[in-house]
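File shown: input07.txt. Contents: compact mmCIF, C-alpha atoms and all ligand atoms.
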# COMPACT_ATOMS: atom_id res chain seq x y z
CA MET A 1 -88.36 -93.19 -67.01
CA ILE A 2 -86.27 -96.32 -67.71
CA CYS A 3 -84.23 -96.55 -70.92
CA THR A 4 -83.78 -100.01 -72.46
CA VAL A 5 -81.23 -100.53 -75.24
CA VAL A 6 -80.56 -103.12 -77.92
CA GLY A 7 -78.04 -102.96 -80.75
CA ALA A 8 -76.92 -106.30 -82.12
CA ARG A 9 -78.55 -109.67 -82.67
CA PRO A 10 -77.69 -111.35 -79.36
CA ASN A 11 -79.18 -108.40 -77.45
CA PHE A 12 -82.67 -109.01 -78.79
CA MET A 13 -83.35 -112.35 -77.07
CA LYS A 14 -81.83 -111.11 -73.80
CA MET A 15 -83.74 -107.82 -73.67
CA ALA A 16 -87.12 -108.78 -75.18
CA PRO A 17 -88.38 -110.45 -71.97
CA VAL A 18 -87.26 -107.44 -69.89
CA ILE A 19 -88.85 -104.90 -72.24
CA LEU A 20 -92.10 -106.89 -72.29
CA GLU A 21 -92.15 -107.33 -68.49
CA LEU A 22 -91.65 -103.58 -67.96
CA ARG A 23 -94.58 -102.96 -70.32
CA ARG A 24 -96.74 -105.57 -68.60
CA ARG A 25 -96.24 -103.77 -65.30
CA GLY A 26 -96.93 -100.37 -66.86
CA ILE A 27 -93.46 -99.05 -65.99
CA PRO A 28 -92.64 -96.16 -68.36
CA GLN A 29 -89.70 -96.89 -70.67
CA VAL A 30 -88.00 -95.50 -73.74
CA PHE A 31 -86.75 -98.33 -75.91
CA VAL A 32 -83.67 -97.51 -78.03
CA HIS A 33 -82.15 -99.51 -80.94
CA THR A 34 -78.65 -98.32 -81.82
CA GLY A 35 -78.74 -99.88 -85.31
CA GLN A 36 -75.40 -101.71 -84.83
CA HIS A 37 -77.09 -104.56 -86.68
CA TYR A 38 -79.32 -103.26 -89.45
CA ASP A 39 -79.88 -106.03 -92.04
CA ALA A 40 -83.48 -107.29 -91.89
CA ARG A 41 -82.16 -110.81 -91.20
CA MET A 42 -79.90 -109.60 -88.38
CA SER A 43 -82.47 -107.35 -86.73
CA GLU A 44 -86.05 -106.78 -87.97
CA ILE A 45 -87.08 -110.44 -88.07
CA PHE A 46 -86.14 -110.80 -84.38
CA PHE A 47 -88.38 -107.91 -83.40
CA ASP A 48 -91.30 -109.55 -85.16
CA GLN A 49 -90.70 -113.05 -83.88
CA LEU A 50 -89.94 -112.06 -80.28
CA GLY A 51 -93.03 -109.84 -80.15
CA MET A 52 -90.98 -106.74 -79.37
CA PRO A 53 -92.48 -103.27 -79.80
CA GLN A 54 -90.94 -100.98 -82.40
CA PRO A 55 -88.11 -98.94 -80.86
CA ASP A 56 -89.05 -95.45 -79.68
CA VAL A 57 -85.64 -94.22 -80.85
CA TYR A 58 -83.53 -95.67 -83.69
CA LEU A 59 -79.97 -94.35 -83.78
CA GLY A 60 -79.04 -95.96 -87.14
CA VAL A 61 -75.29 -96.10 -86.49
CA GLY A 62 -74.46 -99.17 -88.65
CA SER A 63 -71.04 -100.77 -89.11
CA GLY A 64 -67.55 -99.36 -88.63
CA SER A 65 -64.28 -99.96 -86.83
CA HIS A 66 -64.67 -100.52 -83.09
CA ALA A 67 -63.67 -96.95 -82.21
CA ASP A 68 -65.81 -95.46 -84.95
CA GLN A 69 -68.90 -97.56 -84.14
CA THR A 70 -68.58 -97.02 -80.38
CA ALA A 71 -68.02 -93.29 -80.80
CA ARG A 72 -71.00 -92.86 -83.12
CA ILE A 73 -73.29 -94.73 -80.72
CA MET A 74 -72.06 -92.53 -77.84
CA THR A 75 -72.63 -89.28 -79.71
CA ALA A 76 -76.11 -90.28 -80.83
CA PHE A 77 -77.10 -91.77 -77.47
CA GLU A 78 -75.89 -88.71 -75.54
CA LYS A 79 -78.41 -86.67 -77.48
CA THR A 80 -81.18 -89.18 -76.65
CA CYS A 81 -80.27 -88.98 -72.96
CA GLY A 82 -80.48 -85.20 -73.24
CA ASP A 83 -83.96 -85.42 -74.80
CA TYR A 84 -85.37 -87.58 -71.97
CA ALA A 85 -84.86 -87.51 -68.21
CA PHE A 86 -83.82 -91.15 -67.77
CA LYS A 87 -83.77 -92.44 -64.20
CA ARG A 88 -82.01 -95.62 -65.25
CA LEU A 89 -80.42 -97.38 -68.22
CA VAL A 90 -80.70 -101.14 -68.79
CA VAL A 91 -78.20 -102.79 -71.14
CA ALA A 92 -77.51 -106.46 -71.86
CA GLY A 93 -74.59 -108.60 -72.92
CA ASP A 94 -71.23 -107.55 -74.31
CA VAL A 95 -71.59 -105.92 -77.71
CA ASN A 96 -70.24 -102.50 -78.65
CA SER A 97 -73.71 -100.95 -78.17
CA THR A 98 -73.73 -102.21 -74.56
CA LEU A 99 -70.52 -100.47 -73.59
CA ALA A 100 -71.15 -97.32 -75.64
CA CYS A 101 -74.51 -96.64 -74.01
CA ALA A 102 -73.33 -97.61 -70.51
CA LEU A 103 -70.37 -95.24 -70.74
CA THR A 104 -72.50 -92.37 -72.07
CA ALA A 105 -75.11 -92.79 -69.33
CA ALA A 106 -72.61 -93.21 -66.49
CA LYS A 107 -70.93 -89.90 -67.44
CA MET A 108 -74.32 -88.19 -67.44
CA GLY A 109 -75.08 -89.49 -63.95
CA ILE A 110 -77.68 -92.04 -65.13
CA PRO A 111 -77.40 -95.31 -63.14
CA VAL A 112 -76.73 -98.38 -65.29
CA ALA A 113 -78.11 -101.90 -64.84
CA HIS A 114 -76.29 -104.71 -66.66
CA VAL A 115 -78.15 -107.87 -67.69
CA GLU A 116 -75.71 -110.83 -68.03
CA ALA A 117 -73.05 -109.30 -65.79
CA GLY A 118 -69.86 -110.89 -64.52
CA LEU A 119 -69.03 -113.28 -67.37
CA ARG A 120 -65.29 -113.47 -68.07
CA SER A 121 -63.29 -115.33 -70.71
CA PHE A 122 -60.07 -113.77 -69.33
CA ASP A 123 -59.11 -113.20 -72.97
CA ARG A 124 -58.60 -109.52 -73.73
CA ASP A 125 -58.14 -110.31 -77.43
CA MET A 126 -61.94 -110.56 -77.55
CA PRO A 127 -63.59 -107.17 -77.95
CA GLU A 128 -66.54 -108.57 -75.98
CA GLU A 129 -64.32 -109.19 -72.92
CA ILE A 130 -63.32 -105.52 -72.85
CA ASN A 131 -66.98 -104.52 -73.22
CA ARG A 132 -68.01 -106.84 -70.35
CA VAL A 133 -65.38 -105.68 -67.88
CA LEU A 134 -65.98 -101.98 -68.52
CA THR A 135 -69.79 -102.25 -68.53
CA ASP A 136 -69.74 -104.11 -65.21
CA HIS A 137 -67.56 -101.45 -63.61
CA LEU A 138 -69.89 -98.69 -64.87
CA SER A 139 -73.00 -100.43 -63.46
CA ASP A 140 -74.57 -100.18 -60.01
CA LEU A 141 -76.97 -103.11 -60.57
CA LEU A 142 -75.48 -106.30 -61.95
CA PHE A 143 -77.76 -109.19 -62.90
CA THR A 144 -75.83 -112.46 -63.20
CA THR A 145 -76.76 -115.59 -65.13
CA GLU A 146 -74.47 -118.19 -63.55
CA PRO A 147 -72.44 -118.61 -60.34
CA SER A 148 -69.12 -117.60 -61.94
CA GLY A 149 -70.52 -114.08 -62.45
CA ALA A 150 -70.59 -113.13 -58.77
CA GLU A 151 -67.17 -114.73 -58.19
CA ASN A 152 -65.60 -112.74 -61.02
CA LEU A 153 -67.19 -109.49 -59.87
CA ALA A 154 -66.07 -110.02 -56.26
CA ARG A 155 -62.51 -110.67 -57.45
CA GLU A 156 -62.59 -107.34 -59.28
CA GLY A 157 -63.69 -105.54 -56.12
CA ILE A 158 -67.33 -104.95 -57.10
CA SER A 159 -69.50 -104.94 -53.99
CA GLY A 160 -71.82 -107.92 -53.62
CA ASP A 161 -74.63 -105.47 -52.70
CA LYS A 162 -74.89 -104.53 -56.35
CA VAL A 163 -75.05 -108.13 -57.65
CA ARG A 164 -78.24 -110.19 -58.08
CA TYR A 165 -78.37 -113.77 -59.33
CA VAL A 166 -81.47 -113.81 -61.52
CA GLY A 167 -80.92 -116.60 -64.06
CA ASN A 168 -80.83 -116.18 -67.80
CA SER A 169 -83.26 -113.91 -69.65
CA MET A 170 -82.18 -115.36 -73.01
CA ILE A 171 -83.53 -118.68 -71.76
CA ASP A 172 -86.82 -116.86 -70.97
CA SER A 173 -87.08 -116.17 -74.71
CA LEU A 174 -86.21 -119.77 -75.52
CA ARG A 175 -88.87 -121.17 -73.19
CA ALA A 176 -91.48 -118.70 -74.40
CA HIS A 177 -90.97 -119.55 -78.08
CA LEU A 178 -89.80 -123.16 -78.26
CA ASP A 179 -93.21 -124.73 -78.89
CA ARG A 180 -93.98 -122.32 -81.70
CA ALA A 181 -90.51 -122.91 -83.19
CA LEU A 182 -91.01 -126.69 -83.18
CA THR A 183 -94.50 -126.47 -84.67
CA GLN A 184 -92.95 -124.89 -87.76
CA GLN A 185 -90.70 -127.98 -88.28
CA PRO A 186 -87.96 -125.89 -89.91
CA TRP A 187 -85.87 -129.02 -90.69
CA THR A 188 -88.35 -130.03 -93.39
CA THR A 189 -87.15 -127.08 -95.51
CA TYR A 190 -83.87 -128.96 -95.93
CA GLY A 191 -85.44 -132.41 -96.26
CA PHE A 192 -84.25 -133.55 -92.81
CA THR A 193 -85.92 -135.34 -89.93
CA PRO A 194 -85.33 -134.52 -86.26
CA GLY A 195 -81.94 -135.75 -85.03
CA SER A 196 -80.57 -136.39 -88.54
CA TYR A 197 -78.56 -133.20 -89.06
CA GLY A 198 -76.16 -130.78 -87.37
CA VAL A 199 -76.11 -126.98 -87.17
CA VAL A 200 -73.02 -124.76 -87.56
CA THR A 201 -72.53 -121.05 -86.81
CA LEU A 202 -69.22 -119.18 -86.94
CA HIS A 203 -68.54 -115.46 -86.86
CA ARG A 204 -65.90 -114.73 -84.24
CA PRO A 205 -63.01 -112.63 -85.64
CA SER A 206 -60.43 -115.09 -84.22
CA ASN A 207 -62.01 -117.89 -86.31
CA VAL A 208 -63.17 -116.26 -89.52
CA ASP A 209 -60.93 -113.22 -90.11
CA THR A 210 -57.66 -115.17 -90.58
CA PRO A 211 -57.72 -117.33 -93.73
CA GLU A 212 -55.51 -120.10 -92.23
CA THR A 213 -57.79 -120.61 -89.24
CA ALA A 214 -60.94 -120.28 -91.31
CA ARG A 215 -59.59 -122.93 -93.71
CA GLU A 216 -58.83 -125.38 -90.86
CA ILE A 217 -62.39 -125.03 -89.59
CA ALA A 218 -63.89 -125.23 -93.08
CA GLU A 219 -62.00 -128.46 -93.77
CA ALA A 220 -63.26 -129.89 -90.50
CA ILE A 221 -66.90 -129.13 -91.21
CA GLY A 222 -66.47 -130.38 -94.79
CA ALA A 223 -65.16 -133.70 -93.40
CA LEU A 224 -68.01 -133.91 -90.88
CA GLY A 225 -70.57 -133.10 -93.57
CA ALA A 226 -69.84 -136.58 -94.98
CA ASP A 227 -71.00 -138.15 -91.65
CA LEU A 228 -73.89 -135.84 -90.86
CA PRO A 229 -75.48 -133.17 -93.08
CA LEU A 230 -74.85 -129.70 -91.64
CA ILE A 231 -76.89 -126.50 -91.91
CA PHE A 232 -74.71 -123.40 -91.70
CA PRO A 233 -76.56 -120.06 -91.55
CA ILE A 234 -73.74 -117.69 -92.40
CA HIS A 235 -73.18 -114.38 -90.58
CA PRO A 236 -72.47 -111.41 -92.91
CA ARG A 237 -69.07 -110.97 -91.28
CA THR A 238 -68.04 -114.58 -92.10
CA LEU A 239 -69.16 -114.15 -95.68
CA SER A 240 -67.43 -110.80 -96.17
CA ARG A 241 -64.12 -111.95 -94.62
CA GLY A 242 -63.67 -115.21 -96.56
CA GLY A 243 -66.66 -116.20 -98.68
CA ASP A 244 -64.73 -118.60 -100.94
CA ILE A 245 -63.39 -120.64 -98.05
CA TRP A 246 -66.92 -121.69 -97.10
CA ASN A 247 -68.04 -122.62 -100.62
CA GLY A 248 -68.37 -126.14 -102.01
CA LEU A 249 -68.03 -128.11 -98.75
CA GLY A 250 -69.73 -131.49 -99.20
CA GLY A 251 -72.79 -132.05 -97.02
CA VAL A 252 -72.73 -128.46 -95.74
CA HIS A 253 -75.78 -126.36 -96.57
CA ILE A 254 -74.79 -122.69 -96.45
CA VAL A 255 -77.86 -120.51 -95.93
CA ASP A 256 -78.57 -116.85 -95.11
CA PRO A 257 -78.88 -115.86 -91.44
CA LEU A 258 -82.11 -117.34 -90.07
CA GLY A 259 -84.88 -115.87 -87.97
CA TYR A 260 -85.12 -116.67 -84.26
CA LEU A 261 -87.89 -119.28 -84.54
CA GLU A 262 -86.37 -121.12 -87.49
CA PHE A 263 -82.98 -121.26 -85.82
CA LEU A 264 -84.36 -122.25 -82.42
CA GLY A 265 -86.42 -125.06 -83.96
CA LEU A 266 -83.42 -126.36 -85.95
CA MET A 267 -81.12 -126.21 -82.93
CA ALA A 268 -83.61 -127.96 -80.65
CA ARG A 269 -83.73 -131.06 -82.88
CA ALA A 270 -80.09 -131.07 -84.04
CA ARG A 271 -77.88 -134.03 -83.23
CA LEU A 272 -74.92 -131.71 -82.79
CA VAL A 273 -74.24 -127.98 -82.85
CA ILE A 274 -70.84 -126.53 -83.74
CA THR A 275 -70.48 -122.84 -82.93
CA ASP A 276 -68.33 -119.99 -81.67
CA SER A 277 -71.29 -117.98 -80.40
CA GLY A 278 -71.67 -117.07 -76.75
CA GLY A 279 -75.43 -117.42 -76.56
CA ILE A 280 -75.70 -120.72 -78.45
CA GLN A 281 -73.53 -122.41 -75.80
CA GLU A 282 -76.24 -121.53 -73.29
CA GLU A 283 -79.20 -122.31 -75.54
CA THR A 284 -77.87 -125.82 -76.31
CA THR A 285 -77.33 -126.39 -72.58
CA ALA A 286 -80.94 -125.37 -71.92
CA LEU A 287 -82.10 -127.70 -74.72
CA GLY A 288 -79.81 -130.60 -73.76
CA VAL A 289 -78.31 -130.64 -77.28
CA PRO A 290 -74.59 -131.52 -77.63
CA CYS A 291 -72.51 -128.45 -78.52
CA LEU A 292 -68.89 -128.06 -79.61
CA THR A 293 -67.62 -124.52 -79.15
CA VAL A 294 -64.72 -123.70 -81.44
CA ARG A 295 -62.76 -121.61 -78.96
CA LEU A 296 -59.97 -122.03 -76.44
CA ASN A 297 -61.98 -120.51 -73.60
CA THR A 298 -65.52 -119.64 -72.61
CA GLU A 299 -66.96 -116.90 -70.39
CA ARG A 300 -69.88 -119.29 -69.70
CA PRO A 301 -68.22 -122.12 -67.68
CA VAL A 302 -71.54 -123.43 -66.35
CA THR A 303 -72.23 -124.76 -69.86
CA LEU A 304 -69.15 -127.00 -69.44
CA THR A 305 -69.59 -128.02 -65.80
CA GLU A 306 -73.36 -128.56 -65.90
CA GLY A 307 -74.34 -128.35 -69.55
CA THR A 308 -73.72 -130.12 -72.84
CA ASN A 309 -70.99 -127.82 -74.11
CA ARG A 310 -67.38 -128.82 -74.91
CA LEU A 311 -64.54 -126.56 -76.05
CA VAL A 312 -62.51 -127.49 -79.14
CA ALA A 313 -59.44 -125.77 -80.56
CA PRO A 314 -59.85 -124.35 -84.08
CA ARG A 315 -57.87 -127.23 -85.63
CA ARG A 316 -59.20 -129.58 -88.27
CA ASP A 317 -58.32 -132.87 -86.54
CA VAL A 318 -59.39 -131.70 -83.09
CA ILE A 319 -62.81 -130.62 -84.34
CA VAL A 320 -63.42 -133.78 -86.39
CA GLU A 321 -62.31 -136.16 -83.62
CA SER A 322 -64.28 -134.33 -80.94
CA ALA A 323 -67.41 -134.24 -83.08
CA ARG A 324 -67.21 -137.98 -83.79
CA ALA A 325 -66.68 -138.69 -80.07
CA VAL A 326 -69.71 -136.57 -79.15
CA LEU A 327 -71.87 -138.23 -81.83
CA ASN A 328 -70.97 -141.67 -80.43
CA ASP A 329 -71.41 -140.70 -76.80
CA PRO A 330 -73.45 -137.50 -76.43
CA PRO A 331 -72.82 -135.54 -73.22
CA ARG A 332 -75.75 -135.41 -70.83
CA GLY A 333 -76.16 -132.24 -68.87
CA ARG A 334 -78.54 -130.57 -66.49
CA ILE A 335 -80.19 -127.16 -66.58
CA PRO A 336 -78.40 -124.51 -64.48
CA GLU A 337 -80.23 -123.01 -61.51
CA LEU A 338 -82.90 -120.41 -62.34
CA TRP A 339 -82.73 -120.93 -66.09
CA ASP A 340 -86.45 -121.38 -65.68
CA GLY A 341 -88.04 -118.83 -67.99
CA HIS A 342 -88.62 -116.21 -65.27
CA ALA A 343 -85.37 -114.25 -65.15
CA ALA A 344 -87.00 -111.08 -66.54
CA VAL A 345 -89.50 -111.05 -63.67
CA ARG A 346 -86.60 -111.11 -61.21
CA ILE A 347 -84.73 -108.45 -63.22
CA VAL A 348 -87.72 -106.09 -63.19
CA ASP A 349 -88.22 -106.79 -59.47
CA GLY A 350 -84.58 -105.71 -59.03
CA LEU A 351 -85.12 -102.55 -61.09
CA ALA A 352 -88.23 -101.63 -59.11
C1 LIG B 1 -71.39 -108.46 -83.00
C2 LIG B 1 -70.87 -108.54 -81.56
C3 LIG B 1 -70.66 -110.01 -81.19
C4 LIG B 1 -71.91 -110.82 -81.42
C5 LIG B 1 -72.33 -110.65 -82.87
C6 LIG B 1 -73.60 -111.47 -83.18
C7 LIG B 1 -69.43 -106.64 -80.92
C8 LIG B 1 -68.03 -106.25 -80.59
N1 LIG B 1 -69.57 -107.90 -81.43
O1 LIG B 1 -70.35 -108.96 -83.84
O2 LIG B 1 -70.33 -110.09 -79.82
O3 LIG B 1 -71.65 -112.18 -81.14
O4 LIG B 1 -72.58 -109.25 -83.11
O5 LIG B 1 -74.05 -111.30 -84.46
O6 LIG B 1 -70.34 -105.87 -80.71
N2 LIG B 1 -72.86 -106.63 -90.89
C9 LIG B 1 -73.80 -106.63 -91.87
N3 LIG B 1 -75.10 -106.40 -91.51
C10 LIG B 1 -75.47 -106.15 -90.24
C11 LIG B 1 -74.47 -106.12 -89.24
C12 LIG B 1 -73.18 -106.37 -89.59
O7 LIG B 1 -73.53 -106.87 -93.04
O8 LIG B 1 -76.70 -105.96 -89.98
C13 LIG B 1 -71.44 -106.93 -91.26
C14 LIG B 1 -70.64 -105.73 -91.59
O9 LIG B 1 -69.73 -106.07 -92.57
C15 LIG B 1 -69.89 -105.46 -90.31
C16 LIG B 1 -69.65 -106.88 -89.81
O10 LIG B 1 -70.81 -107.59 -90.20
O11 LIG B 1 -68.71 -104.75 -90.50
C17 LIG B 1 -69.45 -106.98 -88.34
O12 LIG B 1 -70.55 -106.36 -87.63
P1 LIG B 1 -70.34 -105.82 -86.13
O13 LIG B 1 -71.61 -105.35 -85.56
O14 LIG B 1 -69.18 -104.88 -86.09
O15 LIG B 1 -69.84 -107.09 -85.33
P2 LIG B 1 -70.33 -108.62 -85.40
O16 LIG B 1 -69.24 -109.42 -85.98
O17 LIG B 1 -71.70 -108.76 -85.97
Can you dump the structure from the file as structure tokens?
Ligand code: UD1
Amino acid sequence: MICTVVGARPNFMKMAPVILELRRRGIPQVFVHTGQHYDARMSEIFFDQLGMPQPDVYLGVGSGSHADQTARIMTAFEKTCGDYAFKRLVVAGDVNSTLACALTAAKMGIPVAHVEAGLRSFDRDMPEEINRVLTDHLSDLLFTTEPSGAENLAREGISGDKVRYVGNSMIDSLRAHLDRALTQQPWTTYGFTPGSYGVVTLHRPSNVDTPETAREIAEAIGALGADLPLIFPIHPRTLSRGGDIWNGLGGVHIVDPLGYLEFLGLMARARLVITDSGGIQEETTALGVPCLTVRLNTERPVTLTEGTNRLVAPRRDVIVESARAVLNDPPRGRIPELWDGHAAVRIVDGLA
């Protein structure tokens, strides 16, 4: 029996194709949702839109400090592992649920497979970087999405025998759902036409938890809103840490978190995306849409070398100048190798 796990929003698009491919082949699996993300708009809507089955086990852990959240997932997941005789665990990405379940399973002698292995920002201030490094070292099957993954793993002494370059399962979701997302024409909700607006997302602690940094970024998007109307679906964390800072910015439409299809459709026809998300850097590269990532580093360098992504420091002038430069002369990229919509097939081949 294979155990598949999701916990937080970015897990859903990465794991849905794997879960569905296992089902298609009739391979028995127990599908667990830790409940790290629990709001309907952060979780349920993705299940519906990605065609995922309901989880067999819901751990319902919710929010907390890192130690508290990780510990509660481990305690609950240890019991699940005791209830079933798992032959393997499959986790994805870099969220707290990923590490918590990998660590629990590894200590119980259950082999761990990691989808999206080997990415490194080399910035240990990011909780995700700690989750990535530890999850990779607990895994015996490491599925990488871009060439830097194998290089990073080799440098850390992980044997190449364990590493498989499979492409990007999140891009499987994108390719499977793009047509349906575009048919819905989500831009009409805001009175826009394709190519006449930008999209913003921000939730990283380093950007939104400190008021000075958040204010710099807010001023930048307020200034850009005068050039190009911006749609900003706001993450609950961003709202709870500094709601006022994001209010009343001209030309910026603050909306609740969006479903997968709505967001994908908006992103695909945006003139520019400004984000600090990991996944959106890859999705914009796959779509050929210009992206400015408000961070000093990225664990996804292929989006810079081959894709349409550019890094910008979280400073008002830097963001505004870079955005204007990109609007005048949009970067043209190409699609990285094996981001072809069939990564999950290769992942399940690797599991079998
Ligand atoms: C998590 C991931 C991050 C990912 C992001 C995408 C970790 C360490 N971070 O960050 O890598 O990019 O998800 O969304 O796992 N909250 C709600 N409702 C929810 C979930 C969260 O209101 O359904 C609020 C709570 O106030 C919570 C805060 O958001 O304390 C942060 O949630 P948490 O899961 O700890 O981290 P994210 O910032 O969402």
Report as a tab-separated table: every residue of chain A with an atom at most 6 Å from ligand LIG 1 (chain B), its closest pair of atoms, and their distance in Å to one decimal, counting all atoms listed in the file, with rows sorted by chain and ascending residue number.
residue	atom	partner	partner_atom	distance
A:Ala8	CA	B:LIG1	O4	5.3
A:Arg9	CA	B:LIG1	O5	5.1
A:Pro10	CA	B:LIG1	C6	5.6
A:Gln36	CA	B:LIG1	O13	5.3
A:His37	CA	B:LIG1	O8	3.6
A:Tyr38	CA	B:LIG1	O8	3.8
A:Asp39	CA	B:LIG1	O8	3.8
A:Met42	CA	B:LIG1	O8	5.1
A:Ser63	CA	B:LIG1	O11	4.8
A:Gly64	CA	B:LIG1	O11	5.8
A:Val95	CA	B:LIG1	O6	3.3
A:Asn96	CA	B:LIG1	O6	4.0
A:Pro127	CA	B:LIG1	C8	5.2
A:Glu128	CA	B:LIG1	C8	5.4
A:Pro236	CA	B:LIG1	O7	4.7
A:Arg237	CA	B:LIG1	O10	4.0
A:Ser277	CA	B:LIG1	O3	5.9
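Between Ile110 (chain A) and the residues A:Ile254, A:Val294, A:Val18, A:Cys3, the shortest atom-to-atom distance, using all atoms listed in the file, involves A:Cys3.
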Checklist outcome for this item: Correct to one decimal, the distance CA of His33 (chain A)-CA of Asp276 (chain A) is 24.7 Å
Next on the checklist: I'd like the contact shell of Arg215 (chain A) - 10 Å cut-off, only C-alpha atoms, skipping same-chain residues fewer than 6 positions apart - returned as JSON, numbers by chain.
Outcome noted: {"A": [207, 208, 221, 242, 244, 245, 246, 314, 315, 316]}
Using all atoms listed in the file, find each residue of region 52-141 of chain A with at least one atom at most 9 Å away from an atom of region 296-299 of chain A; report its shortest atom-to-atom pair and that distance in Å (one decimal), sort the rows by chain and rising residue number, and return the result as a tab-separated table.
residue	atom	partner	partner_atom	distance
A:Gly118	CA	A:Glu299	CA	8.9
A:Leu119	CA	A:Glu299	CA	5.1
A:Arg120	CA	A:Glu299	CA	4.5
A:Ser121	CA	A:Glu299	CA	4.0
A:Phe122	CA	A:Glu299	CA	7.6
A:Asp123	CA	A:Asn297	CA	7.9
A:Glu129	CA	A:Glu299	CA	8.5
Checklist entry - In Å, with one decimal, what is the gap from CA of Ala100 (chain A) to CA of Gly279 (chain A)? => result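 Those two atoms sit 20.6 Å apart.
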Extract, using only C-alpha atoms, all DNA, RNA and protein residues at most 10 Å from region 146-152 of chain A, discarding same-chain residues fewer than 4 positions from it, and format them as a PDB file with C-alpha atoms, in the frame of the given file.
ATOM      1  CA  GLU A 116     -75.710-110.830 -68.030  1.00  0.00           C
ATOM      2  CA  ALA A 117     -73.050-109.300 -65.790  1.00  0.00           C
ATOM      3  CA  GLY A 118     -69.860-110.890 -64.520  1.00  0.00           C
ATOM      4  CA  LEU A 119     -69.030-113.280 -67.370  1.00  0.00           C
ATOM      5  CA  ARG A 120     -65.290-113.470 -68.070  1.00  0.00           C
ATOM      6  CA  VAL A 133     -65.380-105.680 -67.880  1.00  0.00           C
ATOM      7  CA  LEU A 142     -75.480-106.300 -61.950  1.00  0.00           C
ATOM      8  CA  GLU A 156     -62.590-107.340 -59.280  1.00  0.00           C
ATOM      9  CA  GLY A 157     -63.690-105.540 -56.120  1.00  0.00           C
ATOM     10  CA  ILE A 158     -67.330-104.950 -57.100  1.00  0.00           C
ATOM     11  CA  SER A 159     -69.500-104.940 -53.990  1.00  0.00           C
ATOM     12  CA  GLY A 160     -71.820-107.920 -53.620  1.00  0.00           C
ATOM     13  CA  LYS A 162     -74.890-104.530 -56.350  1.00  0.00           C
ATOM     14  CA  VAL A 163     -75.050-108.130 -57.650  1.00  0.00           C
ATOM     15  CA  ARG A 164     -78.240-110.190 -58.080  1.00  0.00           C
ATOM     16  CA  TYR A 165     -78.370-113.770 -59.330  1.00  0.00           C
ATOM     17  CA  VAL A 166     -81.470-113.810 -61.520  1.00  0.00           C
ATOM     18  CA  GLY A 167     -80.920-116.600 -64.060  1.00  0.00           C
ATOM     19  CA  ASN A 168     -80.830-116.180 -67.800  1.00  0.00           C
ATOM     20  CA  GLU A 299     -66.960-116.900 -70.390  1.00  0.00           C
ATOM     21  CA  ARG A 300     -69.880-119.290 -69.700  1.00  0.00           C
ATOM     22  CA  PRO A 301     -68.220-122.120 -67.680  1.00  0.00           C
ATOM     23  CA  VAL A 302     -71.540-123.430 -66.350  1.00  0.00           C
ATOM     24  CA  THR A 303     -72.230-124.760 -69.860  1.00  0.00           C
ATOM     25  CA  PRO A 336     -78.400-124.510 -64.480  1.00  0.00           C
ATOM     26  CA  GLU A 337     -80.230-123.010 -61.510  1.00  0.00           C
ATOM     27  CA  LEU A 338     -82.900-120.410 -62.340  1.00  0.00           C
ATOM     28  CA  TRP A 339     -82.730-120.930 -66.090  1.00  0.00           C
TER      29      TRP A 339
END
Kindly reconstruct region 280-289 of chain A with N, CA and C atoms and present the result as a PDB file, keeping the file's coordinate frame.
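Below you can see out.pdb, which holds the result:
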ATOM      1  N   ILE A 280     -75.307-119.370 -78.024  1.00  0.00           N
ATOM      2  CA  ILE A 280     -75.700-120.720 -78.450  1.00  0.00           C
ATOM      3  C   ILE A 280     -75.159-121.773 -77.483  1.00  0.00           C
ATOM      4  N   GLN A 281     -74.039-121.487 -76.834  1.00  0.00           N
ATOM      5  CA  GLN A 281     -73.530-122.410 -75.800  1.00  0.00           C
ATOM      6  C   GLN A 281     -74.573-122.576 -74.696  1.00  0.00           C
ATOM      7  N   GLU A 282     -75.236-121.482 -74.362  1.00  0.00           N
ATOM      8  CA  GLU A 282     -76.240-121.530 -73.290  1.00  0.00           C
ATOM      9  C   GLU A 282     -77.551-122.131 -73.788  1.00  0.00           C
ATOM     10  N   GLU A 283     -77.934-121.782 -75.005  1.00  0.00           N
ATOM     11  CA  GLU A 283     -79.200-122.310 -75.540  1.00  0.00           C
ATOM     12  C   GLU A 283     -79.127-123.829 -75.691  1.00  0.00           C
ATOM     13  N   THR A 284     -77.984-124.358 -76.166  1.00  0.00           N
ATOM     14  CA  THR A 284     -77.870-125.820 -76.310  1.00  0.00           C
ATOM     15  C   THR A 284     -77.878-126.488 -74.938  1.00  0.00           C
ATOM     16  N   THR A 285     -77.276-125.842 -73.947  1.00  0.00           N
ATOM     17  CA  THR A 285     -77.330-126.390 -72.580  1.00  0.00           C
ATOM     18  C   THR A 285     -78.775-126.443 -72.092  1.00  0.00           C
ATOM     19  N   ALA A 286     -79.528-125.388 -72.353  1.00  0.00           N
ATOM     20  CA  ALA A 286     -80.940-125.370 -71.920  1.00  0.00           C
ATOM     21  C   ALA A 286     -81.752-126.432 -72.662  1.00  0.00           C
ATOM     22  N   LEU A 287     -81.355-126.725 -73.906  1.00  0.00           N
ATOM     23  CA  LEU A 287     -82.100-127.700 -74.720  1.00  0.00           C
ATOM     24  C   LEU A 287     -81.583-129.130 -74.533  1.00  0.00           C
ATOM     25  N   GLY A 288     -80.410-129.270 -73.893  1.00  0.00           N
ATOM     26  CA  GLY A 288     -79.810-130.600 -73.760  1.00  0.00           C
ATOM     27  C   GLY A 288     -79.238-131.135 -75.062  1.00  0.00           C
ATOM     28  N   VAL A 289     -78.879-130.229 -75.979  1.00  0.00           N
ATOM     29  CA  VAL A 289     -78.310-130.640 -77.280  1.00  0.00           C
ATOM     30  C   VAL A 289     -76.782-130.540 -77.201  1.00  0.00           C
TER      31      VAL A 289
END
